[in-house]
file coords-v1.csv (CSV, C-alpha atoms)
chain,number,residue,atom,x,y,z
A,217,LEU,CA,-10.5,10.8,31.8
A,218,LYS,CA,-9.8,14.5,32.0
A,219,GLN,CA,-9.6,14.4,35.8
A,220,ARG,CA,-7.4,11.3,35.9
A,221,LEU,CA,-5.2,12.1,32.9
A,222,PRO,CA,-4.0,8.6,32.2
A,223,GLU,CA,-0.7,8.2,30.5
A,224,ARG,CA,-2.0,5.2,28.6
A,225,ILE,CA,-5.4,3.5,27.9
A,226,GLU,CA,-5.6,-0.2,27.2
A,227,LEU,CA,-8.6,-1.4,25.2
A,228,GLY,CA,-9.3,-5.1,25.3
A,229,PRO,CA,-12.0,-7.6,24.4
A,230,VAL,CA,-15.3,-8.3,26.1
A,231,TYR,CA,-14.9,-11.6,28.0
A,232,SER,CA,-17.5,-14.2,28.9
A,233,GLU,CA,-16.3,-14.0,32.6
A,234,ARG,CA,-14.5,-11.4,34.7
A,235,PRO,CA,-10.8,-12.0,33.8
A,236,ASP,CA,-9.8,-11.3,37.5
A,237,GLN,CA,-12.0,-14.1,38.9
A,238,PRO,CA,-10.1,-17.2,40.1
A,239,LEU,CA,-10.9,-20.7,38.8
A,240,LEU,CA,-12.6,-19.3,35.7
A,241,THR,CA,-11.4,-19.5,32.2
A,242,PRO,CA,-12.8,-16.4,30.5
A,243,ARG,CA,-13.0,-16.4,26.7
A,244,PRO,CA,-13.3,-13.4,24.5
A,245,VAL,CA,-16.8,-12.9,23.0
A,246,GLU,CA,-16.2,-9.5,21.3
A,247,ARG,CA,-13.1,-7.7,20.3
A,248,GLU,CA,-12.3,-5.0,17.8
A,249,PHE,CA,-11.1,-6.0,14.3
A,250,ILE,CA,-7.6,-4.4,14.0
A,251,ILE,CA,-5.6,-4.0,10.8
A,252,ASP,CA,-1.9,-3.0,10.9
A,253,ILE,CA,-0.2,-1.0,8.2
A,254,ASP,CA,3.6,-0.9,8.5
A,255,LEU,CA,6.1,0.9,6.3
A,256,THR,CA,8.4,-2.1,6.6
A,257,ASP,CA,5.9,-4.0,4.4
A,258,MET,CA,6.6,-1.4,1.6
A,259,SER,CA,10.4,-1.5,1.9
A,260,HIS,CA,10.8,-2.8,-1.7
A,261,ALA,CA,9.6,0.6,-2.9
A,262,ILE,CA,11.2,2.8,-0.3
A,263,PHE,CA,14.7,3.8,-1.0
A,264,THR,CA,17.6,4.7,1.3
A,265,SER,CA,21.1,6.0,0.7
A,266,ARG,CA,24.3,6.4,2.7
A,267,ASP,CA,23.1,9.7,4.0
A,268,ASN,CA,19.5,8.5,4.6
A,269,PRO,CA,19.4,5.4,6.8
A,270,ARG,CA,16.4,3.2,6.9
A,271,ASP,CA,14.7,4.8,9.9
A,272,ALA,CA,15.2,8.3,8.4
A,273,SER,CA,13.9,7.0,5.0
A,274,PHE,CA,10.7,5.7,6.7
A,275,GLN,CA,10.2,9.0,8.4
A,276,SER,CA,10.3,10.7,5.0
A,277,SER,CA,8.0,8.2,3.4
A,278,TRP,CA,4.7,8.9,5.2
A,279,THR,CA,2.9,9.5,1.9
A,280,PHE,CA,2.8,5.7,1.6
A,281,ILE,CA,0.9,5.6,4.9
A,282,ALA,CA,-1.5,8.4,3.8
A,283,ALA,CA,-2.2,6.5,0.6
A,284,ALA,CA,-2.7,3.2,2.4
A,285,VAL,CA,-5.1,4.7,5.0
A,286,GLU,CA,-7.3,6.3,2.3
A,287,ILE,CA,-7.4,3.2,0.2
A,288,LEU,CA,-8.1,0.8,3.0
A,289,ASP,CA,-10.6,3.1,4.6
A,290,MET,CA,-12.5,3.3,1.3
A,291,SER,CA,-12.4,-0.5,0.9
A,292,LEU,CA,-13.6,-1.2,4.4
A,293,ARG,CA,-16.5,1.1,4.0
A,294,LYS,CA,-17.5,0.4,0.4
A,295,ASP,CA,-16.7,-3.3,0.1
A,296,PHE,CA,-17.6,-4.5,3.6
A,297,GLY,CA,-19.9,-1.8,4.9
A,298,PHE,CA,-18.0,-1.0,8.1
A,299,GLN,CA,-18.7,2.5,9.5
A,300,HIS,CA,-16.9,2.9,12.8
A,301,LEU,CA,-13.2,3.1,12.0
A,302,LEU,CA,-10.5,4.6,14.3
A,303,TRP,CA,-7.1,5.2,12.8
A,304,VAL,CA,-4.2,5.5,15.4
A,305,PHE,CA,-0.5,5.8,15.1
A,306,SER,CA,1.1,2.5,16.0
A,307,GLY,CA,4.1,4.0,17.7
A,308,ARG,CA,6.9,4.0,15.2
A,309,ARG,CA,6.5,3.1,11.5
A,310,GLY,CA,2.8,2.7,10.8
A,311,VAL,CA,-0.8,3.0,11.8
A,312,HIS,CA,-3.6,0.7,13.1
A,313,CYS,CA,-7.2,0.7,12.0
A,314,TRP,CA,-9.6,-0.3,14.8
A,315,VAL,CA,-12.9,-1.4,13.3
A,316,ALA,CA,-15.5,-1.2,16.1
A,317,ASP,CA,-18.8,-2.1,14.3
A,318,GLU,CA,-20.7,-4.7,16.3
A,319,ARG,CA,-20.6,-7.2,13.5
A,320,ALA,CA,-16.9,-6.7,13.2
A,321,ARG,CA,-16.3,-7.3,16.9
A,322,VAL,CA,-18.0,-10.7,16.8
A,323,LEU,CA,-16.1,-11.9,13.7
A,324,SER,CA,-14.4,-15.3,14.1
A,325,PHE,CA,-10.7,-15.7,13.5
A,326,GLU,CA,-11.4,-17.3,10.1
A,327,ALA,CA,-13.6,-14.5,9.1
A,328,ARG,CA,-11.0,-11.9,10.1
A,329,CYS,CA,-8.4,-13.8,8.1
A,330,ALA,CA,-10.7,-13.9,5.1
A,331,ILE,CA,-11.2,-10.1,5.1
A,332,THR,CA,-7.5,-9.4,5.4
A,333,ASP,CA,-6.7,-11.8,2.7
A,334,ASN,CA,-9.3,-10.1,0.5
A,335,LEU,CA,-7.6,-6.7,1.2
A,336,GLN,CA,-4.1,-8.0,0.2
A,337,PHE,CA,-2.9,-8.3,-3.3
A,338,HIS,CA,0.4,-9.8,-4.3
A,339,ARG,CA,1.9,-8.8,-7.6
A,340,ARG,CA,1.8,-12.4,-8.7
A,341,ASP,CA,-2.0,-12.2,-8.6
A,342,ILE,CA,-2.2,-9.5,-11.3
A,343,ALA,CA,0.9,-10.0,-13.4
A,344,SER,CA,0.1,-13.2,-15.3
A,345,PRO,CA,0.0,-12.9,-19.1
A,346,ALA,CA,-3.7,-13.9,-19.0
A,347,ASN,CA,-4.5,-10.7,-17.2
A,348,GLY,CA,-2.8,-8.4,-19.6
A,349,LEU,CA,-3.4,-4.8,-18.6
A,350,ASP,CA,-6.6,-5.6,-16.7
A,351,LEU,CA,-6.6,-4.8,-12.9
A,352,HIS,CA,-8.9,-6.3,-10.3
A,353,PRO,CA,-11.7,-3.8,-9.7
A,354,SER,CA,-10.4,-3.0,-6.2
A,355,LEU,CA,-6.9,-2.3,-7.6
A,356,GLN,CA,-8.4,-0.2,-10.4
A,357,ARG,CA,-10.3,1.9,-7.8
A,358,ALA,CA,-7.2,2.3,-5.7
A,359,ALA,CA,-5.2,3.4,-8.8
A,360,ASP,CA,-7.9,5.8,-9.8
A,361,HIS,CA,-7.9,7.3,-6.3
A,362,LEU,CA,-4.1,7.7,-6.1
A,363,ASP,CA,-4.3,9.4,-9.5
A,364,SER,CA,-7.2,11.7,-8.8
A,365,SER,CA,-6.0,12.6,-5.3
A,366,GLY,CA,-2.5,13.4,-6.3
A,367,LEU,CA,-1.1,11.0,-3.8
A,368,PHE,CA,0.8,9.0,-6.4
A,369,LEU,CA,2.6,12.1,-7.7
A,370,ASP,CA,3.4,13.0,-4.1
A,371,MET,CA,5.0,9.5,-3.7
A,372,LEU,CA,6.8,10.0,-7.0
A,373,ASP,CA,8.4,13.3,-5.7
A,374,GLU,CA,9.1,11.7,-2.3
A,375,GLN,CA,10.9,8.6,-3.6
A,376,GLU,CA,12.5,10.1,-6.8
A,377,TRP,CA,11.6,7.0,-8.8
A,378,LEU,CA,12.2,8.7,-12.1
A,379,LEU,CA,15.4,10.5,-11.4
A,380,PRO,CA,18.4,8.9,-13.3
A,381,HIS,CA,19.8,7.1,-10.3
A,382,ARG,CA,16.6,5.2,-9.7
A,383,ARG,CA,14.9,5.1,-13.1
A,384,GLU,CA,16.0,1.6,-13.9
A,385,TRP,CA,14.0,0.3,-11.0
A,386,VAL,CA,10.9,1.6,-12.7
A,387,LEU,CA,11.9,0.6,-16.2
A,388,ASP,CA,12.6,-3.0,-15.1
A,389,PHE,CA,8.9,-3.4,-14.6
A,390,ILE,CA,8.3,-3.2,-18.4
A,391,GLU,CA,8.5,-6.8,-19.7
A,392,ASP,CA,9.1,-6.1,-23.4
A,393,GLU,CA,12.7,-5.2,-24.0
A,394,LYS,CA,12.1,-3.0,-27.1
A,395,MET,CA,9.4,-1.1,-25.3
A,396,ARG,CA,11.6,-0.7,-22.3
A,397,ASP,CA,14.4,0.7,-24.4
A,398,GLU,CA,12.1,3.2,-26.1
A,399,VAL,CA,10.8,4.5,-22.8
A,400,ARG,CA,14.4,4.8,-21.5
A,401,GLU,CA,15.4,6.7,-24.6
A,402,ARG,CA,12.4,9.0,-24.3
A,403,LEU,CA,13.1,9.8,-20.7
A,404,SER,CA,16.8,10.4,-21.4
A,405,GLU,CA,15.9,12.8,-24.2
A,406,ALA,CA,13.7,14.9,-21.9
A,407,ALA,CA,14.8,18.0,-20.0
A,408,PRO,CA,17.4,17.3,-17.3
A,409,ALA,CA,15.8,15.3,-14.5
A,410,SER,CA,15.1,17.2,-11.4
A,411,GLN,CA,12.7,17.0,-8.5
A,412,ALA,CA,10.4,19.6,-10.2
A,413,ASN,CA,10.0,17.8,-13.5
A,414,GLN,CA,9.4,14.2,-12.4
A,415,ARG,CA,5.7,14.7,-13.0
A,416,ILE,CA,6.5,15.7,-16.6
A,417,LEU,CA,8.6,12.5,-16.9
A,418,TRP,CA,5.8,10.4,-15.5
A,419,GLY,CA,3.4,11.9,-18.2
A,420,LEU,CA,6.0,11.1,-20.8
A,421,LEU,CA,6.4,7.5,-19.6
A,422,CYS,CA,2.6,7.0,-19.6
A,423,ASN,CA,2.1,8.5,-23.1
A,424,THR,CA,4.9,6.2,-24.4
A,425,LEU,CA,3.3,3.1,-22.9
A,426,LYS,CA,-0.1,4.1,-24.3
A,427,ASN,CA,1.2,4.5,-27.9
A,428,PRO,CA,-1.3,2.5,-30.0
A,429,ARG,CA,1.5,1.0,-32.1
A,430,TRP,CA,2.4,-1.1,-29.0
A,431,PRO,CA,-0.1,-4.0,-28.8
A,432,GLU,CA,-1.5,-4.8,-25.4
A,433,ASN,CA,0.4,-8.0,-25.0
A,434,LYS,CA,3.6,-5.9,-25.1
A,435,ARG,CA,2.5,-3.7,-22.2
A,436,ARG,CA,2.7,-6.3,-19.5
A,437,VAL,CA,4.6,-5.9,-16.3
A,438,ASN,CA,7.7,-8.0,-15.6
A,439,SER,CA,6.3,-10.7,-13.4
A,440,ARG,CA,9.7,-11.6,-12.0
A,441,ARG,CA,9.8,-8.1,-10.5
A,442,TRP,CA,6.2,-8.2,-9.2
A,443,ARG,CA,6.1,-11.7,-7.8
A,444,ASN,CA,5.5,-11.9,-4.0
A,445,LYS,CA,5.6,-8.2,-3.4
A,446,PRO,CA,2.6,-6.9,-1.4
A,447,LEU,CA,0.4,-4.1,-2.6

call {"tool": "encode", "arguments": {"input": "coords-v1.csv", "output": "structure tokens"}}
result
Amino acid sequence: LKQRLPERIELGPVYSERPDQPLLTPRPVEREFIIDIDLTDMSHAIFTSRDNPRDASFQSSWTFIAAAVEILDMSLRKDFGFQHLLWVFSGRRGVHCWVADERARVLSFEARCAITDNLQFHRRDIASPANGLDLHPSLQRAADHLDSSGLFLDMLDEQEWLLPHRREWVLDFIEDEKMRDEVRERLSEAAPASQANQRILWGLLCNTLKNPRWPENKRRVNSRRWRNKPL
């Protein structure tokens, strides 16, 4: 490879027959299990403005990709036991994960779909009143990782979710109107919002939601906002 210096390398499946042989119908018997992460799938949480067109906004939102890579890598290793993972830039707005374990390469189409379905959560799956505040263990692990790693706070700074001009987008996730009003009031009474104190505002928001005088059934998310949005 060093001597030839190819401009591009194509990786393909292992076929039952040589693909270049005439009169044969080769079928793939092994191929890498590839997962695609694209920023366009997260557009509901990525903001743009007149001075920041969509492409530029995606370029400034790579913390989403960093978080997705870490969470997905953790799930593929811990939940499914895969070990040989290759993360590559997809070319524009995302990354691909190539899973090259032998048992991954021989997975059927149905098995691949089952794994990807397991890795996907829609807000409708966790926003029902029956679930209350409980999260699926995989989501709880992801949330804990985003919290402990600081990635969530980085996304908070990056997207300015708690600045006055975007705050209502966050507040609308709180289902109970009185609780939403109290959180809005507490945030408004805080020091003037700026990029530097969004983390303080986030702590204030969390402390308000955790106030024991609010019963758990009041702390549900607004299912209308969460429905059909991928996580």

call {"tool": "residues_near_point", "arguments": {"input": "coords-v1.csv", "point": "(5.7, 9.3, -19.7)", "cutoff": "12 Å", "atoms": "all atoms listed in the file", "output": "ChimeraX atom specification"}}
result
/A:378,386-387,396,398-406,413-427

call {"tool": "closest_residue", "arguments": {"input": "coords-v1.csv", "among": "A:Asp317, A:Asp370, A:Glu376, A:Asp392", "to": "A:Phe249", "atoms": "all atoms listed in the file"}}
result
A:Asp317

call {"tool": "closest_residue", "arguments": {"input": "coords-v1.csv", "among": "A:Leu227, A:Val245, A:Leu379, A:Leu255", "to": "A:Arg319", "atoms": "all atoms listed in the file"}}
result
A:Val245

call {"tool": "atom_distance", "arguments": {"input": "coords-v1.csv", "atom1": "atom CA of A:Leu288", "atom2": "atom CA of A:Glu248"}}
result
16.4 Å

call {"tool": "residues_around", "arguments": {"input": "coords-v1.csv", "residues": "A:Phe305", "least_positions_apart": "3", "cutoff": "12 Å", "atoms": "all atoms listed in the file", "output": "PyMOL selection string"}}
result
chain A and resi 251-254+278+281-282+285+302+308-314

call {"tool": "atom_distance", "arguments": {"input": "coords-v1.csv", "atom1": "atom CA of A:Glu374", "atom2": "atom CA of A:Phe280"}}
result
9.5 Å

call {"tool": "atom_distance", "arguments": {"input": "coords-v1.csv", "atom1": "atom CA of A:Met371", "atom2": "atom CA of A:Ile262"}}
result
9.7 Å

call {"tool": "closest_residue", "arguments": {"input": "coords-v1.csv", "among": "A:Met290, A:Val315, A:Ile390, A:Ala330", "to": "A:Leu355", "atoms": "all atoms listed in the file"}}
result
A:Met290

call {"tool": "closest_residue", "arguments": {"input": "coords-v1.csv", "among": "A:Ala283, A:Ile225, A:Pro238, A:Tyr231", "to": "A:Asp363", "atoms": "all atoms listed in the file"}}
result
A:Ala283

call {"tool": "closest_atom_pairs", "arguments": {"input": "coords-v1.csv", "of": "stretch 303-420 of chain A", "to": "stretch 291-297 of chain A", "cutoff": "9 Å", "atoms": "only C-alpha atoms", "output": "JSON lines"}}
result
{"residue": "A:Val315", "atom": "CA", "partner": "A:Leu292", "partner_atom": "CA", "distance": 8.9}
{"residue": "A:Ile331", "atom": "CA", "partner": "A:Phe296", "partner_atom": "CA", "distance": 8.6}
{"residue": "A:Leu335", "atom": "CA", "partner": "A:Ser291", "partner_atom": "CA", "distance": 7.8}
{"residue": "A:Ser354", "atom": "CA", "partner": "A:Ser291", "partner_atom": "CA", "distance": 7.8}
{"residue": "A:Ala358", "atom": "CA", "partner": "A:Ser291", "partner_atom": "CA", "distance": 8.9}

call {"tool": "write_last_selection", "arguments": {"input": "coords-v1.csv", "atoms": "C-alpha atoms", "output": "tab-separated table (two decimals), in the frame of the given file"}}
result
chain	number	residue	atom	x	y	z
A	315	VAL	CA	-12.90	-1.40	13.30
A	331	ILE	CA	-11.20	-10.10	5.10
A	335	LEU	CA	-7.60	-6.70	1.20
A	354	SER	CA	-10.40	-3.00	-6.20
A	358	ALA	CA	-7.20	2.30	-5.70

call {"tool": "closest_residue", "arguments": {"input": "coords-v1.csv", "among": "A:Gln219, A:Ser324, A:Gln299, A:Ser364", "to": "A:Pro244", "atoms": "all atoms listed in the file"}}
result
A:Ser324

call {"tool": "closest_residue", "arguments": {"input": "coords-v1.csv", "among": "A:Asp388, A:Ala327, A:Leu240, A:Ile250", "to": "A:Trp303", "atoms": "all atoms listed in the file"}}
result
A:Ile250

call {"tool": "residues_around", "arguments": {"input": "coords-v1.csv", "residues": "A:Glu246", "least_positions_apart": "6", "cutoff": "9 Å", "atoms": "only C-alpha atoms", "output": "short mmCIF file (atom, residue, chain, number, x, y, z; two decimals) with C-alpha atoms, in the frame of the given file"}}
result
data_model
loop_
_atom_site.label_atom_id
_atom_site.label_comp_id
_atom_site.auth_asym_id
_atom_site.auth_seq_id
_atom_site.Cartn_x
_atom_site.Cartn_y
_atom_site.Cartn_z
CA PRO A 229 -12.00 -7.60 24.40
CA VAL A 230 -15.30 -8.30 26.10
CA TYR A 231 -14.90 -11.60 28.00
CA GLU A 318 -20.70 -4.70 16.30
CA ALA A 320 -16.90 -6.70 13.20
CA ARG A 321 -16.30 -7.30 16.90
CA VAL A 322 -18.00 -10.70 16.80
CA LEU A 323 -16.10 -11.90 13.70
#
